[in-house]
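Data file: run_26.pdb. Format and content: PDB, N, CA and C atoms.
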ATOM      1  N   MET E   1      80.075 113.814  82.895
ATOM      2  CA  MET E   1      81.349 114.068  83.526
ATOM      3  C   MET E   1      81.121 114.614  84.931
ATOM      4  N   ALA E   2      81.919 114.164  85.873
ATOM      5  CA  ALA E   2      81.754 114.570  87.266
ATOM      6  C   ALA E   2      82.214 116.015  87.456
ATOM      7  N   ASP E   3      81.492 116.747  88.316
ATOM      8  CA  ASP E   3      81.915 118.076  88.699
ATOM      9  C   ASP E   3      81.828 118.189  90.218
ATOM     10  N   GLU E   4      81.779 119.427  90.734
ATOM     11  CA  GLU E   4      81.784 119.618  92.178
ATOM     12  C   GLU E   4      80.541 119.047  92.857
ATOM     13  N   THR E   5      79.432 118.911  92.124
ATOM     14  CA  THR E   5      78.178 118.465  92.736
ATOM     15  C   THR E   5      77.893 116.989  92.500
ATOM     16  N   THR E   6      78.737 116.304  91.773
ATOM     17  CA  THR E   6      78.527 114.885  91.533
ATOM     18  C   THR E   6      79.725 114.086  92.022
ATOM     19  N   SER E   7      79.462 112.840  92.347
ATOM     20  CA  SER E   7      80.548 111.920  92.676
ATOM     21  C   SER E   7      80.333 110.646  91.875
ATOM     22  N   THR E   8      81.387 109.920  91.690
ATOM     23  CA  THR E   8      81.348 108.699  90.897
ATOM     24  C   THR E   8      81.527 107.502  91.811
ATOM     25  N   VAL E   9      80.762 106.445  91.529
ATOM     26  CA  VAL E   9      80.895 105.199  92.269
ATOM     27  C   VAL E   9      81.104 104.073  91.261
ATOM     28  N   VAL E  10      82.201 103.344  91.427
ATOM     29  CA  VAL E  10      82.522 102.212  90.564
ATOM     30  C   VAL E  10      82.176 100.936  91.318
ATOM     31  N   ARG E  11      81.452 100.042  90.657
ATOM     32  CA  ARG E  11      81.050  98.788  91.297
ATOM     33  C   ARG E  11      81.302  97.609  90.372
ATOM     34  N   VAL E  12      81.578  96.459  90.988
ATOM     35  CA  VAL E  12      81.650  95.191  90.263
ATOM     36  C   VAL E  12      80.530  94.314  90.807
ATOM     37  N   ASP E  13      79.680  93.824  89.928
ATOM     38  CA  ASP E  13      78.595  92.922  90.316
ATOM     39  C   ASP E  13      79.188  91.521  90.452
ATOM     40  N   GLY E  14      79.371  91.093  91.690
ATOM     41  CA  GLY E  14      79.977  89.792  91.964
ATOM     42  C   GLY E  14      79.176  88.620  91.440
ATOM     43  N   ASP E  15      77.871  88.796  91.271
ATOM     44  CA  ASP E  15      77.033  87.728  90.729
ATOM     45  C   ASP E  15      77.217  87.557  89.227
ATOM     46  N   ARG E  16      77.628  88.624  88.553
ATOM     47  CA  ARG E  16      77.834  88.565  87.099
ATOM     48  C   ARG E  16      79.284  88.251  86.713
ATOM     49  N   CYS E  17      80.219  88.661  87.540
ATOM     50  CA  CYS E  17      81.642  88.529  87.214
ATOM     51  C   CYS E  17      82.010  87.068  86.974
ATOM     52  N   VAL E  18      82.750  86.839  85.889
ATOM     53  CA  VAL E  18      83.226  85.492  85.564
ATOM     54  C   VAL E  18      84.746  85.379  85.721
ATOM     55  N   GLY E  19      85.379  86.467  86.160
ATOM     56  CA  GLY E  19      86.819  86.428  86.401
ATOM     57  C   GLY E  19      87.665  86.540  85.156
ATOM     58  N   ALA E  20      87.158  87.186  84.121
ATOM     59  CA  ALA E  20      87.941  87.351  82.891
ATOM     60  C   ALA E  20      89.174  88.220  83.127
ATOM     61  N   GLY E  21      89.089  89.148  84.068
ATOM     62  CA  GLY E  21      90.243  89.960  84.435
ATOM     63  C   GLY E  21      90.530  91.138  83.534
ATOM     64  N   MET E  22      89.644  91.424  82.593
ATOM     65  CA  MET E  22      89.883  92.539  81.680
ATOM     66  C   MET E  22      89.963  93.872  82.417
ATOM     67  N   CYS E  23      89.165  94.022  83.469
ATOM     68  CA  CYS E  23      89.189  95.286  84.215
ATOM     69  C   CYS E  23      90.536  95.482  84.904
ATOM     70  N   ALA E  24      91.050  94.434  85.527
ATOM     71  CA  ALA E  24      92.334  94.531  86.219
ATOM     72  C   ALA E  24      93.479  94.774  85.237
ATOM     73  N   LEU E  25      93.361  94.253  84.039
ATOM     74  CA  LEU E  25      94.377  94.502  83.017
ATOM     75  C   LEU E  25      94.269  95.912  82.452
ATOM     76  N   THR E  26      93.046  96.401  82.322
ATOM     77  CA  THR E  26      92.811  97.706  81.716
ATOM     78  C   THR E  26      93.053  98.863  82.691
ATOM     79  N   ALA E  27      92.603  98.706  83.931
ATOM     80  CA  ALA E  27      92.742  99.776  84.929
ATOM     81  C   ALA E  27      93.247  99.189  86.249
ATOM     82  N   PRO E  28      94.505  98.751  86.286
ATOM     83  CA  PRO E  28      95.034  98.090  87.483
ATOM     84  C   PRO E  28      95.131  98.988  88.714
ATOM     85  N   ALA E  29      95.029 100.285  88.549
ATOM     86  CA  ALA E  29      95.053 101.184  89.703
ATOM     87  C   ALA E  29      93.708 101.207  90.427
ATOM     88  N   VAL E  30      92.664 100.646  89.782
ATOM     89  CA  VAL E  30      91.314 100.673  90.355
ATOM     90  C   VAL E  30      90.788  99.273  90.656
ATOM     91  N   PHE E  31      91.141  98.293  89.820
ATOM     92  CA  PHE E  31      90.600  96.939  89.957
ATOM     93  C   PHE E  31      91.675  95.919  90.299
ATOM     94  N   THR E  32      91.255  94.871  90.985
ATOM     95  CA  THR E  32      92.116  93.737  91.273
ATOM     96  C   THR E  32      91.264  92.479  91.178
ATOM     97  N   GLN E  33      91.885  91.333  91.368
ATOM     98  CA  GLN E  33      91.149  90.075  91.408
ATOM     99  C   GLN E  33      91.393  89.425  92.760
ATOM    100  N   ASP E  34      90.324  88.827  93.315
ATOM    101  CA  ASP E  34      90.460  88.168  94.610
ATOM    102  C   ASP E  34      91.134  86.809  94.438
ATOM    103  N   ASP E  35      91.251  86.063  95.512
ATOM    104  CA  ASP E  35      91.942  84.774  95.477
ATOM    105  C   ASP E  35      91.268  83.764  94.551
ATOM    106  N   ASP E  36      89.986  83.955  94.289
ATOM    107  CA  ASP E  36      89.252  83.065  93.385
ATOM    108  C   ASP E  36      89.257  83.574  91.952
ATOM    109  N   GLY E  37      89.888  84.704  91.702
ATOM    110  CA  GLY E  37      89.994  85.240  90.356
ATOM    111  C   GLY E  37      88.893  86.198  89.956
ATOM    112  N   PHE E  38      87.990  86.514  90.894
ATOM    113  CA  PHE E  38      86.902  87.431  90.572
ATOM    114  C   PHE E  38      87.334  88.866  90.833
ATOM    115  N   SER E  39      86.823  89.756  90.013
ATOM    116  CA  SER E  39      87.228  91.162  90.090
ATOM    117  C   SER E  39      86.571  91.889  91.238
ATOM    118  N   GLN E  40      87.294  92.901  91.720
ATOM    119  CA  GLN E  40      86.766  93.779  92.745
ATOM    120  C   GLN E  40      87.476  95.123  92.646
ATOM    121  N   VAL E  41      86.813  96.143  93.151
ATOM    122  CA  VAL E  41      87.396  97.474  93.182
ATOM    123  C   VAL E  41      88.355  97.526  94.365
ATOM    124  N   LEU E  42      89.530  98.068  94.144
ATOM    125  CA  LEU E  42      90.508  98.205  95.217
ATOM    126  C   LEU E  42      89.962  99.121  96.306
ATOM    127  N   PRO E  43      90.181  98.775  97.556
ATOM    128  CA  PRO E  43      89.726  99.630  98.661
ATOM    129  C   PRO E  43      90.265 101.054  98.492
ATOM    130  N   GLY E  44      89.369 102.015  98.687
ATOM    131  CA  GLY E  44      89.748 103.412  98.545
ATOM    132  C   GLY E  44      89.675 103.941  97.134
ATOM    133  N   HIS E  45      89.343 103.083  96.177
ATOM    134  CA  HIS E  45      89.253 103.497  94.772
ATOM    135  C   HIS E  45      87.837 103.380  94.228
ATOM    136  N   GLU E  46      86.866 103.364  95.113
ATOM    137  CA  GLU E  46      85.470 103.224  94.710
ATOM    138  C   GLU E  46      84.993 104.387  93.848
ATOM    139  N   ASP E  47      85.727 105.507  93.891
ATOM    140  CA  ASP E  47      85.360 106.660  93.072
ATOM    141  C   ASP E  47      86.070 106.643  91.721
ATOM    142  N   GLY E  48      86.830 105.608  91.450
ATOM    143  CA  GLY E  48      87.554 105.499  90.189
ATOM    144  C   GLY E  48      88.906 106.166  90.210
ATOM    145  N   GLY E  49      89.187 106.920  91.249
ATOM    146  CA  GLY E  49      90.492 107.550  91.398
ATOM    147  C   GLY E  49      90.889 108.470  90.262
ATOM    148  N   GLY E  50      89.922 108.936  89.480
ATOM    149  CA  GLY E  50      90.241 109.802  88.348
ATOM    150  C   GLY E  50      90.913 109.075  87.196
ATOM    151  N   ASP E  51      90.965 107.753  87.256
ATOM    152  CA  ASP E  51      91.619 106.961  86.208
ATOM    153  C   ASP E  51      90.768 106.963  84.939
ATOM    154  N   PRO E  52      91.289 107.507  83.845
ATOM    155  CA  PRO E  52      90.510 107.562  82.602
ATOM    156  C   PRO E  52      90.247 106.177  82.000
ATOM    157  N   MET E  53      90.959 105.165  82.464
ATOM    158  CA  MET E  53      90.785 103.825  81.912
ATOM    159  C   MET E  53      89.614 103.066  82.537
ATOM    160  N   VAL E  54      88.990 103.632  83.570
ATOM    161  CA  VAL E  54      87.860 102.947  84.208
ATOM    162  C   VAL E  54      86.740 102.714  83.211
ATOM    163  N   ARG E  55      86.402 103.723  82.439
ATOM    164  CA  ARG E  55      85.312 103.561  81.461
ATOM    165  C   ARG E  55      85.695 102.561  80.369
ATOM    166  N   GLU E  56      86.952 102.477  80.036
ATOM    167  CA  GLU E  56      87.401 101.466  79.082
ATOM    168  C   GLU E  56      87.266 100.076  79.696
ATOM    169  N   ALA E  57      87.529  99.951  80.985
ATOM    170  CA  ALA E  57      87.356  98.668  81.676
ATOM    171  C   ALA E  57      85.893  98.248  81.655
ATOM    172  N   VAL E  58      84.980  99.205  81.812
ATOM    173  CA  VAL E  58      83.545  98.906  81.725
ATOM    174  C   VAL E  58      83.229  98.317  80.351
ATOM    175  N   ARG E  59      83.750  98.945  79.310
ATOM    176  CA  ARG E  59      83.498  98.460  77.935
ATOM    177  C   ARG E  59      84.155  97.104  77.680
ATOM    178  N   ALA E  60      85.303  96.855  78.312
ATOM    179  CA  ALA E  60      86.044  95.619  78.059
ATOM    180  C   ALA E  60      85.462  94.405  78.779
ATOM    181  N   CYS E  61      84.634  94.625  79.792
ATOM    182  CA  CYS E  61      84.086  93.503  80.565
ATOM    183  C   CYS E  61      83.150  92.675  79.684
ATOM    184  N   PRO E  62      83.453  91.391  79.492
ATOM    185  CA  PRO E  62      82.642  90.570  78.584
ATOM    186  C   PRO E  62      81.241  90.251  79.099
ATOM    187  N   VAL E  63      81.002  90.441  80.393
ATOM    188  CA  VAL E  63      79.677  90.126  80.950
ATOM    189  C   VAL E  63      79.000  91.355  81.558
ATOM    190  N   GLN E  64      79.542  92.524  81.297
ATOM    191  CA  GLN E  64      78.981  93.783  81.780
ATOM    192  C   GLN E  64      78.761  93.783  83.293
ATOM    193  N   ALA E  65      79.769  93.334  84.022
ATOM    194  CA  ALA E  65      79.679  93.258  85.483
ATOM    195  C   ALA E  65      80.113  94.536  86.180
ATOM    196  N   ILE E  66      80.653  95.496  85.422
ATOM    197  CA  ILE E  66      81.164  96.729  86.014
ATOM    198  C   ILE E  66      80.206  97.873  85.689
ATOM    199  N   SER E  67      79.962  98.687  86.709
ATOM    200  CA  SER E  67      79.146  99.877  86.465
ATOM    201  C   SER E  67      79.839 101.094  87.065
ATOM    202  N   VAL E  68      79.622 102.229  86.419
ATOM    203  CA  VAL E  68      80.092 103.513  86.916
ATOM    204  C   VAL E  68      78.858 104.382  87.028
ATOM    205  N   GLU E  69      78.568 104.804  88.250
ATOM    206  CA  GLU E  69      77.358 105.587  88.492
ATOM    207  C   GLU E  69      77.747 106.979  88.961
ATOM    208  N   GLU E  70      77.154 107.976  88.341
ATOM    209  CA  GLU E  70      77.350 109.357  88.755
ATOM    210  C   GLU E  70      76.227 109.690  89.723
ATOM    211  N   ILE E  71      76.580 110.118  90.929
ATOM    212  CA  ILE E  71      75.604 110.450  91.956
ATOM    213  C   ILE E  71      75.620 111.951  92.179
ATOM    214  N   ILE E  72      74.450 112.543  92.103
ATOM    215  CA  ILE E  72      74.340 114.006  92.264
ATOM    216  C   ILE E  72      74.034 114.311  93.714
TER     217      ILE E  72
END
For the structure just supplied, provide its representation as structure tokens.
Amino acid sequence: MADETTSTVVRVDGDRCVGAGMCALTAPAVFTQDDDGFSQVLPGHEDGGGDPMVREAVRACPVQAISVEEII
């Protein structure tokens, strides 16, 4: 869990993404799909925006294209 000394970075691996859209359905405040249907993190939401559904979006991705990294 993030605290004052850690920050979170949410990423979508564009090479792995198949455009299933589960992340955008699960956490629409953090993820969107581009014109080709591939997922991406919304600008300004790279830290997950405190959305508790981000980790659920990671689990829902069928190709494991989403990562959440805690940086100390």
For Val58 of chain E, please output as a list in words all residues within 8 Å (counting all atoms listed in the file; exclusion window: fewer than 6 positions along the same chain).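 Using all atoms listed in the file, the neighbours found are Met22, Cys23, Thr26, Ala27, Gln64, Ala65, Ile66, Ser67 and Val68 of chain E.
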Closest of E:Gly21, E:Arg11, E:Arg16, E:Pro43 to Ala60 of chain E, counting all atoms listed in the file, is E:Gly21
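When atom CA of Val63 of chain E is paired with atom CA of Gly49 of chain E, their separation reads 23.0 Å.
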Selected by the PyMOL selection byres ((chain E and resi 47) around 7) in the shown coordinates: which residues, as number ranges by chain? E: 7-10, 44-46, 48-51
Report, as AutoDock Vina command-line options, the axis-aligned box around all atoms of segment 26-35 of chain E present in the file, extended by 8 Å on each side; give centre and edge lengths in Å to one decimal place.
--center_x 92.7 --center_y 92.5 --center_z 88.6 --size_x 20.8 --size_y 33.4 --size_z 29.8
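Between atom N of Gly19 of chain E and atom CA of Gly37 of chain E the interatomic distance comes to 6.4 Å.
With only C-alpha atoms as the atoms that count, the minimum distance from Gln33 of chain E to the choices E:Thr6, E:Met53, E:Val12, E:Glu69 is reached by E:Val12.
By only N, CA and C atoms, and with residues fewer than 4 positions from Ala24 of chain E along its chain excluded, the set lying at most 8 Å from it is E:Ala20, E:Pro28, E:Ala29, E:Val30, E:Phe31, E:Thr32, E:Gln33, E:Ser39, E:Gln40, E:Ala57.
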Some atoms are missing, so please complete segment 15-36 of chain E with N, CA, C and O atoms and return it as a PDB file, in the frame of the given file.
ATOM      1  N   ASP E  15      77.871  88.796  91.271  1.00  0.00           N
ATOM      2  CA  ASP E  15      77.033  87.728  90.729  1.00  0.00           C
ATOM      3  C   ASP E  15      77.217  87.557  89.227  1.00  0.00           C
ATOM      4  O   ASP E  15      77.007  86.481  88.691  1.00  0.00           O
ATOM      5  N   ARG E  16      77.628  88.624  88.553  1.00  0.00           N
ATOM      6  CA  ARG E  16      77.834  88.565  87.099  1.00  0.00           C
ATOM      7  C   ARG E  16      79.284  88.251  86.713  1.00  0.00           C
ATOM      8  O   ARG E  16      79.526  87.693  85.651  1.00  0.00           O
ATOM      9  N   CYS E  17      80.219  88.661  87.540  1.00  0.00           N
ATOM     10  CA  CYS E  17      81.642  88.529  87.214  1.00  0.00           C
ATOM     11  C   CYS E  17      82.010  87.068  86.974  1.00  0.00           C
ATOM     12  O   CYS E  17      81.649  86.184  87.754  1.00  0.00           O
ATOM     13  N   VAL E  18      82.750  86.839  85.889  1.00  0.00           N
ATOM     14  CA  VAL E  18      83.226  85.492  85.564  1.00  0.00           C
ATOM     15  C   VAL E  18      84.746  85.379  85.721  1.00  0.00           C
ATOM     16  O   VAL E  18      85.324  84.348  85.423  1.00  0.00           O
ATOM     17  N   GLY E  19      85.379  86.467  86.160  1.00  0.00           N
ATOM     18  CA  GLY E  19      86.819  86.428  86.401  1.00  0.00           C
ATOM     19  C   GLY E  19      87.665  86.540  85.156  1.00  0.00           C
ATOM     20  O   GLY E  19      88.803  86.075  85.144  1.00  0.00           O
ATOM     21  N   ALA E  20      87.158  87.186  84.121  1.00  0.00           N
ATOM     22  CA  ALA E  20      87.941  87.351  82.891  1.00  0.00           C
ATOM     23  C   ALA E  20      89.174  88.220  83.127  1.00  0.00           C
ATOM     24  O   ALA E  20      90.190  88.059  82.458  1.00  0.00           O
ATOM     25  N   GLY E  21      89.089  89.148  84.068  1.00  0.00           N
ATOM     26  CA  GLY E  21      90.243  89.960  84.435  1.00  0.00           C
ATOM     27  C   GLY E  21      90.530  91.138  83.534  1.00  0.00           C
ATOM     28  O   GLY E  21      91.549  91.808  83.700  1.00  0.00           O
ATOM     29  N   MET E  22      89.644  91.424  82.593  1.00  0.00           N
ATOM     30  CA  MET E  22      89.883  92.539  81.680  1.00  0.00           C
ATOM     31  C   MET E  22      89.963  93.872  82.417  1.00  0.00           C
ATOM     32  O   MET E  22      90.743  94.740  82.045  1.00  0.00           O
ATOM     33  N   CYS E  23      89.165  94.022  83.469  1.00  0.00           N
ATOM     34  CA  CYS E  23      89.189  95.286  84.215  1.00  0.00           C
ATOM     35  C   CYS E  23      90.536  95.482  84.904  1.00  0.00           C
ATOM     36  O   CYS E  23      91.099  96.576  84.864  1.00  0.00           O
ATOM     37  N   ALA E  24      91.050  94.434  85.527  1.00  0.00           N
ATOM     38  CA  ALA E  24      92.334  94.531  86.219  1.00  0.00           C
ATOM     39  C   ALA E  24      93.479  94.774  85.237  1.00  0.00           C
ATOM     40  O   ALA E  24      94.449  95.451  85.576  1.00  0.00           O
ATOM     41  N   LEU E  25      93.361  94.253  84.039  1.00  0.00           N
ATOM     42  CA  LEU E  25      94.377  94.502  83.017  1.00  0.00           C
ATOM     43  C   LEU E  25      94.269  95.912  82.452  1.00  0.00           C
ATOM     44  O   LEU E  25      95.278  96.545  82.157  1.00  0.00           O
ATOM     45  N   THR E  26      93.046  96.401  82.322  1.00  0.00           N
ATOM     46  CA  THR E  26      92.811  97.706  81.716  1.00  0.00           C
ATOM     47  C   THR E  26      93.053  98.863  82.691  1.00  0.00           C
ATOM     48  O   THR E  26      93.631  99.874  82.310  1.00  0.00           O
ATOM     49  N   ALA E  27      92.603  98.706  83.931  1.00  0.00           N
ATOM     50  CA  ALA E  27      92.742  99.776  84.929  1.00  0.00           C
ATOM     51  C   ALA E  27      93.247  99.189  86.249  1.00  0.00           C
ATOM     52  O   ALA E  27      92.531  99.125  87.240  1.00  0.00           O
ATOM     53  N   PRO E  28      94.505  98.751  86.286  1.00  0.00           N
ATOM     54  CA  PRO E  28      95.034  98.090  87.483  1.00  0.00           C
ATOM     55  C   PRO E  28      95.131  98.988  88.714  1.00  0.00           C
ATOM     56  O   PRO E  28      95.262  98.482  89.825  1.00  0.00           O
ATOM     57  N   ALA E  29      95.029 100.285  88.549  1.00  0.00           N
ATOM     58  CA  ALA E  29      95.053 101.184  89.703  1.00  0.00           C
ATOM     59  C   ALA E  29      93.708 101.207  90.427  1.00  0.00           C
ATOM     60  O   ALA E  29      93.624 101.695  91.549  1.00  0.00           O
ATOM     61  N   VAL E  30      92.664 100.646  89.782  1.00  0.00           N
ATOM     62  CA  VAL E  30      91.314 100.673  90.355  1.00  0.00           C
ATOM     63  C   VAL E  30      90.788  99.273  90.656  1.00  0.00           C
ATOM     64  O   VAL E  30      90.098  99.067  91.644  1.00  0.00           O
ATOM     65  N   PHE E  31      91.141  98.293  89.820  1.00  0.00           N
ATOM     66  CA  PHE E  31      90.600  96.939  89.957  1.00  0.00           C
ATOM     67  C   PHE E  31      91.675  95.919  90.299  1.00  0.00           C
ATOM     68  O   PHE E  31      92.831  96.064  89.922  1.00  0.00           O
ATOM     69  N   THR E  32      91.255  94.871  90.985  1.00  0.00           N
ATOM     70  CA  THR E  32      92.116  93.737  91.273  1.00  0.00           C
ATOM     71  C   THR E  32      91.264  92.479  91.178  1.00  0.00           C
ATOM     72  O   THR E  32      90.071  92.558  90.913  1.00  0.00           O
ATOM     73  N   GLN E  33      91.885  91.333  91.368  1.00  0.00           N
ATOM     74  CA  GLN E  33      91.149  90.075  91.408  1.00  0.00           C
ATOM     75  C   GLN E  33      91.393  89.425  92.760  1.00  0.00           C
ATOM     76  O   GLN E  33      92.513  89.451  93.276  1.00  0.00           O
ATOM     77  N   ASP E  34      90.324  88.827  93.315  1.00  0.00           N
ATOM     78  CA  ASP E  34      90.460  88.168  94.610  1.00  0.00           C
ATOM     79  C   ASP E  34      91.134  86.809  94.438  1.00  0.00           C
ATOM     80  O   ASP E  34      91.537  86.438  93.336  1.00  0.00           O
ATOM     81  N   ASP E  35      91.251  86.063  95.512  1.00  0.00           N
ATOM     82  CA  ASP E  35      91.942  84.774  95.477  1.00  0.00           C
ATOM     83  C   ASP E  35      91.268  83.764  94.551  1.00  0.00           C
ATOM     84  O   ASP E  35      91.905  82.824  94.092  1.00  0.00           O
ATOM     85  N   ASP E  36      89.986  83.955  94.289  1.00  0.00           N
ATOM     86  CA  ASP E  36      89.252  83.065  93.385  1.00  0.00           C
ATOM     87  C   ASP E  36      89.257  83.574  91.952  1.00  0.00           C
ATOM     88  O   ASP E  36      88.658  82.958  91.071  1.00  0.00           O
TER      89      ASP E  36
END
